[in-house]
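Here's the structure we're looking at; comments come further down.
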Amino acid sequence: MAVTQQAVVEKLSTIKGPDFEGDIVSLGLVSDIFIADGKVFFSITVPAARAQELEPLRAAAERAVKSLPGVTGAVVALTAEKKGGGMEAAPSPRPTARPAPKPATAPARPGGHAHHGHAAPAQQQPGQHAGRRGVPGIEAIIAVASGKGGVGKSTTAVNLALGLRELGLKVGMLDADIYGPSQPRLLGIKGKPTTKDGKILQPMERHGLKAMSIGFLVEEETPMIWRGPMVQSALNQMLREVEWGLLDVLVVDMPPGTGDAQLTMAQQVPLAGAVIVSTPQDLALIDARKGLNMFKRVDVPLLGIVENMSYFIAPDTGKRYDIFGHGGARREAEKLGVPFLGEVPLTMDVRESSDAGEPVVVSDPDGPQAKVYRGIAQKVLERLKVEAGQSAAPAIVFE
């Protein structure tokens, strides 16, 4: 049975407004209703100062919508009205009412990883990244990011994750690109995730990686027309309402730019560091600097820069062409005092294997491209140890 917006509105009309005056629909508090594949997304406007107090209202609305026939899930965000008009994001509580989990505190063993005998970044020290709550079971979170789109961020992220897995780590992949999720295609995963007790999502798995993406919940062609609070709420659900289990590293494939998703991750999650992905030309490097500066301002360690599409190898002749220039990212890293992680060439097999859901690290493990990605993974792991004093969590990477 297809879920209609009218049915959602009628159900929400049964929810009393703040202080039990009227209902949230007649009071004009409901907005941004979006339905995709049986999952309903919407926001409720409340005074910013009362966001925490009105969490039961949000939870009641979520329960009401979930009770509709054909509804497979709901994401409900609180937004706040600015004084003088306009909308701004309110602190959005977790979608479910379970007690907030405590960050994992088990320290890495000296000279070895807590799970697999590899040195692992340790948890944040008291006072470090105040207000950023860790995810139980996840030792380190790395963000892969880019200042602009089209530089190969998602391809870099998945091959980095696979490279870390080949180093013996347990690795997960979170696709945080809400508007343009790529990981379902890159990992060759189809179908939808199941839930545990109707609340906790079970991650999808392929190539030895646990993965979660908004692309698993909606059809590939469905546009996500969301405002900031909806993006923040969806990210929080995919990060904290998923049974990740025990992971050494969670790699986060960030959307391009420096918007809501990046700020949500940087301000609410104790990121171990960030990797920036760029192509060699000046236009890409200008945007890469913005990503670097954003992470610096929110006190996220910079693990380094990757130069993607560093040069092109002709498949018929094997001749090299520097079609985007060459060495720009390395020079930028040296200029800014940021580690340079490596050069990834542009080749036909990387594109073909990515489109086929078989990233080059697994489709051609002995090839030169896979060797480059494994080298980058090794450097990222080493940088994590340095930044964390042998005990911190991985960070977000920007392309």
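Going through the structure tokens in order, the chains are called A, B, and so on, while each chain numbers its residues from 1 and the ligands are numbered from 1 in the order shown.
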
Can you tell me, as a PDB file with C-alpha atoms, in the first residue's frame, what residues are no more than 8 Å from A:Leu167 when counting only C-alpha atoms, ignoring any on the same chain fewer than 3 positions away?
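The resulting file, out.pdb, is reproduced below:
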```pdb
ATOM      1  CA  GLY A 163      43.189  -0.756   1.607  1.00  0.00           C
ATOM      2  CA  LEU A 164      42.742  -0.409   5.362  1.00  0.00           C
ATOM      3  CA  GLN A 378      49.264   2.660   5.082  1.00  0.00           C
TER       4      GLN A 378
END
```

Atom CA of A:Gln237 to atom CA of A:Val75, straight-line distance in Å: 8.1 Å

Residue with smallest distance to A:Leu292 - pool A:Gly375, A:Pro368, A:Pro359, A:Gly337, counting only C-alpha atoms: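 Using only C-alpha atoms, the shortest distance to A:Leu292 belongs to A:Gly337.
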
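Take the candidates A:Leu162, A:Ala234, A:Pro181, A:Lys290 and check each one against A:Lys210 using only C-alpha atoms; the shortest distance goes to A:Leu162.
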
Long-range neighbours of A:Glu243 as a PyMOL selection string, 10 Å cut-off, only C-alpha atoms, 2 positions minimum in chain: chain A and resi 136-137+195-196+200-203+210+238-241+245-246

Could you save the residues just selected, with N, CA and C atoms, as a PDB file, in the first residue's frame?
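New file again12.pdb:
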```
ATOM      1  N   PRO A 136      29.863   3.755  20.122  1.00  0.00           N
ATOM      2  CA  PRO A 136      30.345   2.549  20.792  1.00  0.00           C
ATOM      3  C   PRO A 136      30.772   1.475  19.790  1.00  0.00           C
ATOM      4  N   GLY A 137      31.933   0.886  20.036  1.00  0.00           N
ATOM      5  CA  GLY A 137      32.424  -0.180  19.181  1.00  0.00           C
ATOM      6  C   GLY A 137      33.303   0.279  18.046  1.00  0.00           C
ATOM      7  N   THR A 195      16.065  -4.302   9.690  1.00  0.00           N
ATOM      8  CA  THR A 195      16.150  -3.641  10.986  1.00  0.00           C
ATOM      9  C   THR A 195      16.115  -4.669  12.101  1.00  0.00           C
ATOM     10  N   LYS A 196      16.642  -4.278  13.242  1.00  0.00           N
ATOM     11  CA  LYS A 196      16.608  -5.102  14.439  1.00  0.00           C
ATOM     12  C   LYS A 196      15.550  -4.534  15.362  1.00  0.00           C
ATOM     13  N   ILE A 200      16.870  -0.597  14.945  1.00  0.00           N
ATOM     14  CA  ILE A 200      18.284  -0.490  14.574  1.00  0.00           C
ATOM     15  C   ILE A 200      18.511  -1.098  13.199  1.00  0.00           C
ATOM     16  N   LEU A 201      19.113  -0.318  12.297  1.00  0.00           N
ATOM     17  CA  LEU A 201      19.411  -0.806  10.955  1.00  0.00           C
ATOM     18  C   LEU A 201      20.607  -1.756  10.985  1.00  0.00           C
ATOM     19  N   GLN A 202      20.533  -2.795  10.181  1.00  0.00           N
ATOM     20  CA  GLN A 202      21.657  -3.699   9.995  1.00  0.00           C
ATOM     21  C   GLN A 202      22.443  -3.227   8.766  1.00  0.00           C
ATOM     22  N   PRO A 203      23.741  -3.004   8.882  1.00  0.00           N
ATOM     23  CA  PRO A 203      24.507  -2.525   7.726  1.00  0.00           C
ATOM     24  C   PRO A 203      24.545  -3.565   6.614  1.00  0.00           C
ATOM     25  N   LYS A 210      31.434  -3.281   6.043  1.00  0.00           N
ATOM     26  CA  LYS A 210      30.081  -2.981   6.462  1.00  0.00           C
ATOM     27  C   LYS A 210      29.757  -1.579   5.948  1.00  0.00           C
ATOM     28  N   MET A 238      22.029   7.291  10.473  1.00  0.00           N
ATOM     29  CA  MET A 238      22.907   6.335   9.804  1.00  0.00           C
ATOM     30  C   MET A 238      24.187   6.075  10.599  1.00  0.00           C
ATOM     31  N   LEU A 239      24.576   7.039  11.426  1.00  0.00           N
ATOM     32  CA  LEU A 239      25.779   6.852  12.243  1.00  0.00           C
ATOM     33  C   LEU A 239      25.469   6.109  13.536  1.00  0.00           C
ATOM     34  N   ARG A 240      24.397   6.503  14.229  1.00  0.00           N
ATOM     35  CA  ARG A 240      24.144   6.010  15.577  1.00  0.00           C
ATOM     36  C   ARG A 240      23.003   5.006  15.685  1.00  0.00           C
ATOM     37  N   GLU A 241      22.215   4.853  14.631  1.00  0.00           N
ATOM     38  CA  GLU A 241      21.108   3.901  14.660  1.00  0.00           C
ATOM     39  C   GLU A 241      21.398   2.709  13.746  1.00  0.00           C
ATOM     40  N   GLY A 245      28.652  -2.915  15.076  1.00  0.00           N
ATOM     41  CA  GLY A 245      29.495  -3.915  15.720  1.00  0.00           C
ATOM     42  C   GLY A 245      30.840  -3.322  16.085  1.00  0.00           C
ATOM     43  N   LEU A 246      31.871  -4.158  16.167  1.00  0.00           N
ATOM     44  CA  LEU A 246      33.212  -3.698  16.499  1.00  0.00           C
ATOM     45  C   LEU A 246      33.975  -3.363  15.227  1.00  0.00           C
TER      46      LEU A 246
END
```

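The spacing separating atom CA of A:Val3 from atom CA of A:Val76 amounts to 16.2 Å.
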
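Computed from the coordinates, the atom CA of A:Leu302 to atom CA of A:Leu186 distance equals 25.4 Å.
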
Contacts of A:Ile323 within 10 Å, only C-alpha atoms, excl. fewer than 4 positions in-chain, as a PyMOL selection string: chain A and resi 280-281+309-312+346

DSSP-assigned helix (DSSP H, G or I) among stretch 199-377 of chain A, expressed as a ChimeraX atom specification: /A:214-216,228-240,260-268,282-297,328-336,348-355,360-363,368-377

All strand (DSSP E or B) positions in stretch 165-397 of chain A, as a ChimeraX atom specification: /A:171-175,195-196,200-201,204-206,209-213,242,247-253,273-278,302-313,320-321,323,325,340-346,396-397

Pick from A:Arg206, A:Lys192, A:Val65, A:Leu160 nearest to A:Val344, counting only C-alpha atoms: A:Leu160
